[in-house]
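protein22.cif follows (mmCIF, C-alpha atoms and all ligand atoms):
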```cif
data_entry
#
loop_
_atom_site.label_atom_id
_atom_site.label_comp_id
_atom_site.auth_asym_id
_atom_site.auth_seq_id
_atom_site.Cartn_x
_atom_site.Cartn_y
_atom_site.Cartn_z
CA MET A 456 11.03 13.50 56.22
CA PHE A 457 14.31 15.32 55.90
CA GLU A 458 16.75 16.55 58.53
CA ILE A 459 20.26 17.95 58.36
CA GLU A 460 22.38 17.40 61.44
CA SER A 461 25.94 18.56 61.86
CA PHE A 462 28.01 15.88 63.62
CA ASN A 463 31.49 17.39 63.73
CA GLU A 464 33.43 19.97 61.73
CA ASP A 465 33.75 17.59 58.77
CA VAL A 466 30.72 15.34 58.79
CA THR A 467 27.04 16.28 58.36
CA LEU A 468 24.18 13.79 58.54
CA VAL A 469 21.58 14.04 55.78
CA LYS A 470 18.65 12.09 57.18
CA THR A 471 15.72 10.93 55.07
CA ALA A 472 12.69 8.83 55.94
CA THR A 473 8.95 8.35 55.59
CA ALA A 474 6.87 9.52 58.53
CA MET A 475 4.48 7.23 60.36
CA GLU A 476 1.04 8.49 61.45
CA ASP A 477 2.51 9.72 64.74
CA GLY A 478 5.08 11.79 62.85
CA GLN A 479 8.02 9.56 63.78
CA PRO A 480 10.25 8.19 61.02
CA ILE A 481 9.67 4.54 60.10
CA MET A 482 13.47 4.34 59.91
CA TRP A 483 16.06 6.95 59.04
CA ALA A 484 18.24 6.37 55.99
CA ILE A 485 21.31 8.48 56.67
CA ALA A 486 23.62 9.82 53.99
CA TYR A 487 26.83 11.50 55.15
CA LEU A 488 28.08 14.75 53.69
CA ILE A 489 31.74 15.78 53.80
CA LYS A 490 32.50 19.00 51.90
CA ASP A 491 31.36 18.36 48.29
CA THR A 492 30.96 14.61 48.72
CA LEU A 493 28.11 12.37 49.83
CA PHE A 494 28.27 8.80 51.04
CA ASP A 495 24.96 7.41 49.79
CA ALA A 496 22.07 9.70 48.93
CA GLY A 497 19.02 8.89 51.06
CA CYS A 498 15.62 7.55 50.02
CA ALA A 499 13.34 8.68 47.20
CA ASN A 500 10.36 9.42 49.47
CA ALA A 501 12.29 12.53 50.56
CA LEU A 502 13.22 13.47 47.00
CA GLU A 503 11.62 16.93 46.96
CA ASP A 504 13.50 17.90 50.11
CA ILE A 505 16.69 16.35 48.77
CA GLU A 506 16.27 18.38 45.55
CA ARG A 507 15.92 21.61 47.55
CA PHE A 508 19.01 20.64 49.54
CA ALA A 509 20.90 19.76 46.34
CA ALA A 510 20.10 23.20 44.90
CA LYS A 511 21.70 24.89 47.93
CA THR A 512 24.82 22.72 48.16
CA GLU A 513 27.76 21.94 45.94
CA VAL A 514 27.65 18.15 45.99
CA ASN A 515 29.93 16.97 43.20
CA LYS A 516 30.49 13.34 44.09
CA ILE A 517 28.33 10.57 45.52
CA TYR A 518 29.84 7.24 46.56
CA VAL A 519 27.10 4.61 46.79
CA SER A 520 27.83 1.78 49.24
CA HIS A 521 25.35 -0.68 47.68
CA ALA A 522 22.32 -0.75 45.43
CA HIS A 523 19.51 -0.72 47.99
CA GLU A 524 16.88 1.95 47.41
CA ASP A 525 17.40 3.62 50.80
CA HIS A 526 21.03 4.30 49.79
CA TYR A 527 20.78 5.44 46.18
CA GLY A 528 17.17 6.72 45.97
CA GLY A 529 18.26 10.36 46.33
CA CYS A 530 20.95 10.26 43.61
CA SER A 531 18.71 11.70 40.89
CA ALA A 532 18.46 14.98 42.84
CA PHE A 533 22.19 15.68 42.35
CA VAL A 534 22.65 14.94 38.64
CA PRO A 535 23.93 16.05 36.24
CA ARG A 536 26.30 18.09 38.42
CA ALA A 537 27.45 15.25 40.68
CA THR A 538 29.31 12.16 39.55
CA ILE A 539 27.90 8.98 41.06
CA TYR A 540 30.29 6.14 41.88
CA ALA A 541 29.23 2.57 42.61
CA MET A 542 30.58 -0.95 42.45
CA GLU A 543 30.56 -2.26 38.89
CA SER A 544 27.93 -4.91 39.69
CA ASP A 545 25.53 -2.23 41.00
CA ILE A 546 25.90 0.29 38.18
CA GLU A 547 23.12 -0.94 35.86
CA LEU A 548 20.64 -1.27 38.73
CA ILE A 549 21.30 2.28 39.92
CA LYS A 550 21.02 3.64 36.37
CA ASN A 551 17.74 1.78 35.77
CA PRO A 552 16.14 1.01 39.12
CA PRO A 553 13.78 -1.99 39.16
CA THR A 554 10.20 -1.38 40.31
CA ILE A 555 10.40 -1.97 44.02
CA PRO A 556 7.69 -3.88 45.96
CA GLU A 557 4.71 -1.92 47.33
CA PHE A 558 5.79 -2.06 50.97
CA PHE A 559 9.25 -0.69 50.17
CA ASP A 560 7.74 1.94 47.91
CA PHE A 561 5.86 3.06 51.04
CA VAL A 562 8.91 2.84 53.34
CA TRP A 563 11.63 4.25 51.05
CA GLY A 564 10.14 5.20 47.68
CA GLN A 565 10.86 4.36 44.06
CA PRO A 566 14.26 5.67 42.87
CA LYS A 567 14.41 7.48 39.54
CA PRO A 568 16.84 6.50 36.77
CA VAL A 569 20.12 8.37 36.33
CA ALA A 570 22.07 8.57 33.07
CA ASP A 571 25.57 7.85 34.31
CA VAL A 572 27.22 5.94 37.12
CA GLU A 573 31.01 5.56 37.26
CA LYS A 574 33.03 2.65 38.58
CA MET A 575 34.06 2.93 42.24
CA PRO A 576 37.77 3.77 42.66
CA PRO A 577 39.80 1.82 45.27
CA HIS A 578 40.56 5.03 47.17
CA PHE A 579 39.88 8.76 46.98
CA THR A 580 40.47 11.96 48.89
CA ILE A 581 38.14 14.65 50.19
CA GLY A 582 40.32 17.63 51.06
CA GLU A 583 42.90 16.26 53.47
CA LEU A 584 40.87 13.14 54.24
CA GLU A 585 42.05 9.94 52.57
CA PHE A 586 39.49 7.21 52.11
CA GLU A 587 39.95 3.54 51.31
CA VAL A 588 37.08 1.61 49.79
CA ILE A 589 36.63 -1.50 51.95
CA PRO A 590 34.64 -4.56 50.77
CA LEU A 591 31.96 -5.39 53.36
CA PRO A 592 30.17 -8.44 51.90
CA GLY A 593 27.32 -10.16 53.73
CA HIS A 594 24.38 -7.75 53.68
CA GLY A 595 24.93 -7.51 49.93
CA HIS A 596 27.53 -9.39 47.92
CA HIS A 597 29.29 -6.25 46.77
CA MET A 598 28.62 -3.75 49.52
CA VAL A 599 31.53 -1.47 50.42
CA GLY A 600 32.37 0.91 53.23
CA PHE A 601 34.67 3.93 53.35
CA TYR A 602 37.54 4.02 55.82
CA GLU A 603 39.65 7.02 56.82
CA PRO A 604 42.64 5.53 58.72
CA ASN A 605 43.99 8.82 60.13
CA ARG A 606 40.66 9.81 61.70
CA LYS A 607 39.76 6.14 62.30
CA TRP A 608 36.34 6.55 60.76
CA LEU A 609 34.45 3.78 59.02
CA PHE A 610 31.33 4.60 57.01
CA SER A 611 29.93 1.10 57.33
CA ALA A 612 26.66 1.27 55.34
CA ASP A 613 24.53 -1.71 56.47
CA ALA A 614 27.39 -3.99 57.55
CA VAL A 615 26.53 -3.84 61.25
CA PRO A 616 22.93 -4.98 61.89
CA VAL A 617 20.74 -2.36 63.55
CA PRO A 618 19.08 -4.83 65.98
CA SER A 619 21.44 -6.42 68.48
CA ARG A 620 19.55 -9.69 67.91
CA LYS A 621 19.18 -10.05 64.17
CA VAL A 622 16.90 -12.95 63.19
CA ILE A 623 15.50 -11.82 59.86
CA GLY A 624 17.36 -11.97 56.58
CA MET A 625 17.07 -10.70 53.04
CA PRO A 626 17.61 -12.82 49.89
CA ASP A 627 20.83 -10.91 49.10
CA GLU A 628 22.28 -11.66 52.52
CA ASN A 629 24.83 -14.31 53.38
CA ILE A 630 24.88 -14.44 57.17
CA HIS A 631 28.23 -16.29 57.31
CA GLN A 632 29.83 -13.56 55.22
CA MET A 633 28.14 -10.97 57.40
CA ILE A 634 29.74 -12.49 60.51
CA GLU A 635 33.15 -12.61 58.78
CA THR A 636 32.78 -8.95 57.80
CA LEU A 637 31.77 -8.01 61.35
CA GLU A 638 34.85 -9.80 62.67
CA LYS A 639 37.00 -7.93 60.15
CA ILE A 640 35.46 -4.60 61.25
CA ALA A 641 35.99 -5.52 64.92
CA GLU A 642 39.71 -5.87 64.23
CA MET A 643 40.00 -2.52 62.48
CA ASP A 644 41.13 0.57 64.33
CA ILE A 645 37.84 2.51 64.47
CA GLU A 646 36.91 5.44 66.67
CA ILE A 647 33.64 6.29 64.95
CA LEU A 648 31.40 3.92 63.04
CA PHE A 649 29.07 5.84 60.73
CA ASP A 650 26.09 3.49 60.40
CA SER A 651 23.53 4.22 57.67
CA HIS A 652 20.50 3.79 59.93
CA ARG A 653 21.64 4.24 63.51
CA GLY A 654 23.93 7.21 62.88
CA PRO A 655 27.45 7.61 64.28
CA VAL A 656 28.51 5.14 66.97
CA ILE A 657 31.50 6.37 68.98
CA SER A 658 33.96 3.71 70.25
CA PRO A 659 31.90 0.99 68.56
CA ARG A 660 33.78 -2.08 69.77
CA GLU A 661 31.09 -3.36 72.18
CA HIS A 662 28.31 -2.46 69.76
CA ILE A 663 29.92 -4.62 67.06
CA GLN A 664 30.94 -7.45 69.38
CA ALA A 665 27.41 -7.84 70.77
CA ARG A 666 26.15 -8.49 67.24
CA ILE A 667 28.96 -10.94 66.45
CA ASP A 668 28.31 -12.84 69.67
CA PHE A 669 24.58 -13.08 69.03
CA LEU A 670 24.96 -14.21 65.42
CA LYS A 671 27.62 -16.82 66.22
CA ASP A 672 25.56 -18.18 69.09
CA ILE A 673 22.38 -18.50 67.05
CA ARG A 674 24.35 -20.02 64.16
CA MET A 675 25.62 -22.72 66.49
CA GLN A 676 22.10 -23.49 67.73
CA VAL A 677 20.64 -23.49 64.22
CA LEU A 678 23.33 -25.81 62.82
CA LYS A 679 22.93 -28.20 65.75
CA LEU A 680 19.16 -28.42 65.20
CA HIS A 681 19.75 -28.91 61.47
CA GLU A 682 22.17 -31.77 62.17
CA GLU A 683 19.50 -33.34 64.37
CA GLY A 684 17.29 -33.44 61.29
CA LYS A 685 15.02 -30.48 61.99
CA THR A 686 13.51 -28.55 59.07
CA ILE A 687 13.72 -24.76 58.77
CA PRO A 688 10.16 -24.23 60.20
CA GLU A 689 10.96 -26.64 63.02
CA ILE A 690 14.18 -24.77 63.81
CA GLN A 691 12.27 -21.48 63.84
CA GLU A 692 9.74 -22.98 66.26
CA ALA A 693 12.35 -24.63 68.48
CA LEU A 694 14.20 -21.33 68.89
CA LYS A 695 10.92 -19.38 69.25
CA LEU A 696 12.04 -16.84 66.65
CA GLU A 697 9.53 -14.12 65.98
CA GLY A 698 9.69 -11.32 63.45
CA PRO A 699 8.54 -7.71 63.64
CA TRP A 700 4.96 -6.66 62.84
CA TYR A 701 5.77 -5.70 59.25
CA LEU A 702 7.39 -8.99 58.25
CA GLU A 703 4.39 -10.28 56.24
CA MET A 704 4.13 -6.99 54.39
CA THR A 705 7.65 -7.28 52.99
CA GLN A 706 6.35 -10.05 50.69
CA GLY A 707 9.42 -12.21 51.02
CA ARG A 708 12.06 -9.49 50.97
CA PHE A 709 12.67 -10.06 54.68
CA GLY A 710 12.17 -13.38 56.44
CA ILE A 711 13.19 -15.49 59.41
CA ASP A 712 13.23 -18.47 57.03
CA ILE A 713 15.64 -16.55 54.75
CA PHE A 714 17.92 -15.94 57.72
CA LEU A 715 17.81 -19.63 58.77
CA ASN A 716 18.27 -20.89 55.21
CA SER A 717 21.37 -18.75 54.85
CA LEU A 718 22.84 -20.15 58.07
CA VAL A 719 22.13 -23.74 57.02
CA PHE A 720 22.78 -23.70 53.28
CA ASP A 721 24.95 -20.72 52.34
CA LYS A 722 28.64 -21.17 51.94
CA THR A 723 31.13 -18.86 53.60
CA GLU A 724 33.06 -18.25 50.42
CA LYS A 725 31.43 -16.31 47.60
ZN ZN A 801 20.99 -2.32 52.42
#
```

Target encoding structure tokens, full file:
Amino acid sequence: MFEIESFNEDVTLVKTATAMEDGQPIMWAIAYLIKDTLFDAGCANALEDIERFAAKTEVNKIYVSHAHEDHYGGCSAFVPRATIYAMESDIELIKNPPTIPEFFDFVWGQPKPVADVEKMPPHFTIGELEFEVIPLPGHGHHMVGFYEPNRKWLFSADAVPVPSRKVIGMPDENIHQMIETLEKIAEMDIEILFDSHRGPVISPREHIQARIDFLKDIRMQVLKLHEEGKTIPEIQEALKLEGPWYLEMTQGRFGIDIFLNSLVFDKTEK
């Protein structure tokens, strides 16, 4: 699936997804277009549409927030004309994508290799807009967002969980870091949060705080149960945590146990 949606005079949403049987997207992966620049590039299951879009537009630069396939899977459609920028630790993976598990091949698609990826600069401009590259660790160790302080826009990638009650984790995630990053975002002056899956959230303070409150509360409960000697499965049972229908199909890439293990055993510092 592929949709273009103009948000304001500067920002256009480039939405990609795989359709379910009822025609609804499983989940949108949203890239944001400003003039000749993209923040992320969508998922590879929409590659033919992205290629048609790329042929009609003058995208010269792509800034990739992190090396998950729903964020860089569309990059190959824009090369060689566009320069791709990513954090140094993500460059090799984006150049030579690993074979992704079957379920994620279905949901997002297998990205194609690209010849060149450049190192992310600390800041850049798009016309009169001035962006700072902001580290947003937690969802991924090296994920970044893009902040425009004059407009008070933060392109936050996957830093703010989509569900208000997040109880599943991924192996890359450090939930303590995620909470710290959310608290950092909550203190920033932000009028619009450009989330990679939910889309733009205007005046996002309550949206962010609800997620901080939930995660800190569940962390407290989990750590208390751990101190009482409960194992991870026992903690999951005591808190009656249940995952979504697709959890088994992710073959260990998402898990409630991963989430709980991070809360109990991960350190805050990197
Ligand atoms: Zn991600």

Pick out the residues sitting within 8 Å of A:Met575, and hand them over as a list in words; count all atoms listed in the file, and ignore anything fewer than 4 positions along from it in its own chain.
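Returned residues: Tyr518, Tyr540, Ala541, Met542 and Glu543 of chain A.
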
Report as a PDB file with C-alpha atoms, in the frame of the given file which protein, DNA and RNA residues come within 12 Å of ligand ZN 801 (chain A), using only C-alpha atoms and all ligand atoms.
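Here's the written file result20.pdb:
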```pdb
ATOM      1  CA  ALA A 484      18.240   6.370  55.990  1.00  0.00           C
ATOM      2  CA  ILE A 485      21.310   8.480  56.670  1.00  0.00           C
ATOM      3  CA  ASP A 495      24.960   7.410  49.790  1.00  0.00           C
ATOM      4  CA  GLY A 497      19.020   8.890  51.060  1.00  0.00           C
ATOM      5  CA  CYS A 498      15.620   7.550  50.020  1.00  0.00           C
ATOM      6  CA  VAL A 519      27.100   4.610  46.790  1.00  0.00           C
ATOM      7  CA  SER A 520      27.830   1.780  49.240  1.00  0.00           C
ATOM      8  CA  HIS A 521      25.350  -0.680  47.680  1.00  0.00           C
ATOM      9  CA  ALA A 522      22.320  -0.750  45.430  1.00  0.00           C
ATOM     10  CA  HIS A 523      19.510  -0.720  47.990  1.00  0.00           C
ATOM     11  CA  GLU A 524      16.880   1.950  47.410  1.00  0.00           C
ATOM     12  CA  ASP A 525      17.400   3.620  50.800  1.00  0.00           C
ATOM     13  CA  HIS A 526      21.030   4.300  49.790  1.00  0.00           C
ATOM     14  CA  TYR A 527      20.780   5.440  46.180  1.00  0.00           C
ATOM     15  CA  GLY A 528      17.170   6.720  45.970  1.00  0.00           C
ATOM     16  CA  TRP A 563      11.630   4.250  51.050  1.00  0.00           C
ATOM     17  CA  LEU A 591      31.960  -5.390  53.360  1.00  0.00           C
ATOM     18  CA  PRO A 592      30.170  -8.440  51.900  1.00  0.00           C
ATOM     19  CA  GLY A 593      27.320 -10.160  53.730  1.00  0.00           C
ATOM     20  CA  HIS A 594      24.380  -7.750  53.680  1.00  0.00           C
ATOM     21  CA  GLY A 595      24.930  -7.510  49.930  1.00  0.00           C
ATOM     22  CA  HIS A 596      27.530  -9.390  47.920  1.00  0.00           C
ATOM     23  CA  HIS A 597      29.290  -6.250  46.770  1.00  0.00           C
ATOM     24  CA  MET A 598      28.620  -3.750  49.520  1.00  0.00           C
ATOM     25  CA  VAL A 599      31.530  -1.470  50.420  1.00  0.00           C
ATOM     26  CA  GLY A 600      32.370   0.910  53.230  1.00  0.00           C
ATOM     27  CA  SER A 611      29.930   1.100  57.330  1.00  0.00           C
ATOM     28  CA  ALA A 612      26.660   1.270  55.340  1.00  0.00           C
ATOM     29  CA  ASP A 613      24.530  -1.710  56.470  1.00  0.00           C
ATOM     30  CA  ALA A 614      27.390  -3.990  57.550  1.00  0.00           C
ATOM     31  CA  VAL A 615      26.530  -3.840  61.250  1.00  0.00           C
ATOM     32  CA  PRO A 616      22.930  -4.980  61.890  1.00  0.00           C
ATOM     33  CA  VAL A 617      20.740  -2.360  63.550  1.00  0.00           C
ATOM     34  CA  GLY A 624      17.360 -11.970  56.580  1.00  0.00           C
ATOM     35  CA  MET A 625      17.070 -10.700  53.040  1.00  0.00           C
ATOM     36  CA  PRO A 626      17.610 -12.820  49.890  1.00  0.00           C
ATOM     37  CA  ASP A 627      20.830 -10.910  49.100  1.00  0.00           C
ATOM     38  CA  GLU A 628      22.280 -11.660  52.520  1.00  0.00           C
ATOM     39  CA  ASP A 650      26.090   3.490  60.400  1.00  0.00           C
ATOM     40  CA  SER A 651      23.530   4.220  57.670  1.00  0.00           C
ATOM     41  CA  HIS A 652      20.500   3.790  59.930  1.00  0.00           C
ATOM     42  CA  ARG A 708      12.060  -9.490  50.970  1.00  0.00           C
ATOM     43  CA  PHE A 709      12.670 -10.060  54.680  1.00  0.00           C
TER      44      PHE A 709
END
```

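Across the model, the gap from atom CA of A:Phe610 to atom CA of A:Gly707 is 28.3 Å.
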
Exercise for the section: Would you kindly return, as a list in words, each protein, DNA or RNA residue with an atom no farther than 12 Å from any atom of A:Glu638, considering all atoms listed in the file and excluding same-chain residues fewer than 2 positions away? Expected result: Leu591, Pro592, Gly593, Ala614, Val615, His631, Gln632, Met633, Ile634, Glu635, Thr636, Ile640, Ala641, Glu642, Met643, Arg660, Ile663, Gln664, Ala665, Arg666, Ile667, Asp668, Leu670 and Lys671 of chain A

- Any idea what the distance is between atom CA of A:Ile647 and atom CA of A:Ala496?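 These two atoms are separated by 20.1 Å.
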
Just how far from atom CA of A:Leu488 is atom CA of A:Glu513, in Å to one decimal?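 We find that atom CA of A:Glu513 and atom CA of A:Leu488 lie 10.6 Å from each other.
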
| field | Answer as a list in words, residues within 10 Å of (15.7, -15.9, 66.2) using all atoms listed in the file | value |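 Output: Arg620, Lys621, Val622, Ile623, Phe669, Leu670, Ile673, Arg674, Val677, Ile690, Gln691, Glu692, Ala693, Leu694, Lys695, Leu696, Glu697, Gly698, Ile711, Asp712, Phe714 and Leu715 of chain A.
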
Item to complete: Excluding A:Ile539 and residues on its chain fewer than 4 positions from it, collect all residues at most 8 Å away from it, counting all atoms listed in the file, and give them as a count of residues only.
Response: 8

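Using only C-alpha atoms for every distance, the candidate list A:Met456, A:Phe462, A:Ile549, A:Ile555 yields A:Met456 as the residue closest to A:Gln479.
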
Missing atoms in stretch 568-579 of chain A: can you complete it with N, CA and C atoms, as a compact mmCIF listing (two decimals), keeping the file's coordinate frame?
```txt
# COMPACT_ATOMS: atom_id res chain seq x y z
N PRO A 568 15.62 6.84 37.51
CA PRO A 568 16.84 6.50 36.77
C PRO A 568 17.82 7.68 36.74
N VAL A 569 19.09 7.35 36.57
CA VAL A 569 20.12 8.37 36.33
C VAL A 569 20.92 7.94 35.10
N ALA A 570 21.43 8.89 34.34
CA ALA A 570 22.07 8.57 33.07
C ALA A 570 23.42 7.88 33.24
N ASP A 571 24.20 8.36 34.20
CA ASP A 571 25.57 7.85 34.31
C ASP A 571 25.94 7.47 35.72
N VAL A 572 26.62 6.34 35.85
CA VAL A 572 27.22 5.94 37.12
C VAL A 572 28.63 5.44 36.80
N GLU A 573 29.62 5.94 37.52
CA GLU A 573 31.01 5.56 37.26
C GLU A 573 31.43 4.44 38.20
N LYS A 574 32.49 3.75 37.79
CA LYS A 574 33.03 2.65 38.58
C LYS A 574 33.73 3.18 39.83
N MET A 575 33.47 2.55 40.95
CA MET A 575 34.06 2.93 42.24
C MET A 575 35.59 2.82 42.21
N PRO A 576 36.31 3.89 42.58
CA PRO A 576 37.77 3.77 42.66
C PRO A 576 38.16 3.05 43.96
N PRO A 577 39.38 2.51 44.03
CA PRO A 577 39.80 1.82 45.27
C PRO A 577 40.07 2.77 46.43
N HIS A 578 40.41 4.03 46.12
CA HIS A 578 40.56 5.03 47.17
C HIS A 578 40.37 6.42 46.56
N PHE A 579 40.12 7.38 47.44
CA PHE A 579 39.88 8.76 46.98
C PHE A 579 40.14 9.70 48.14
```
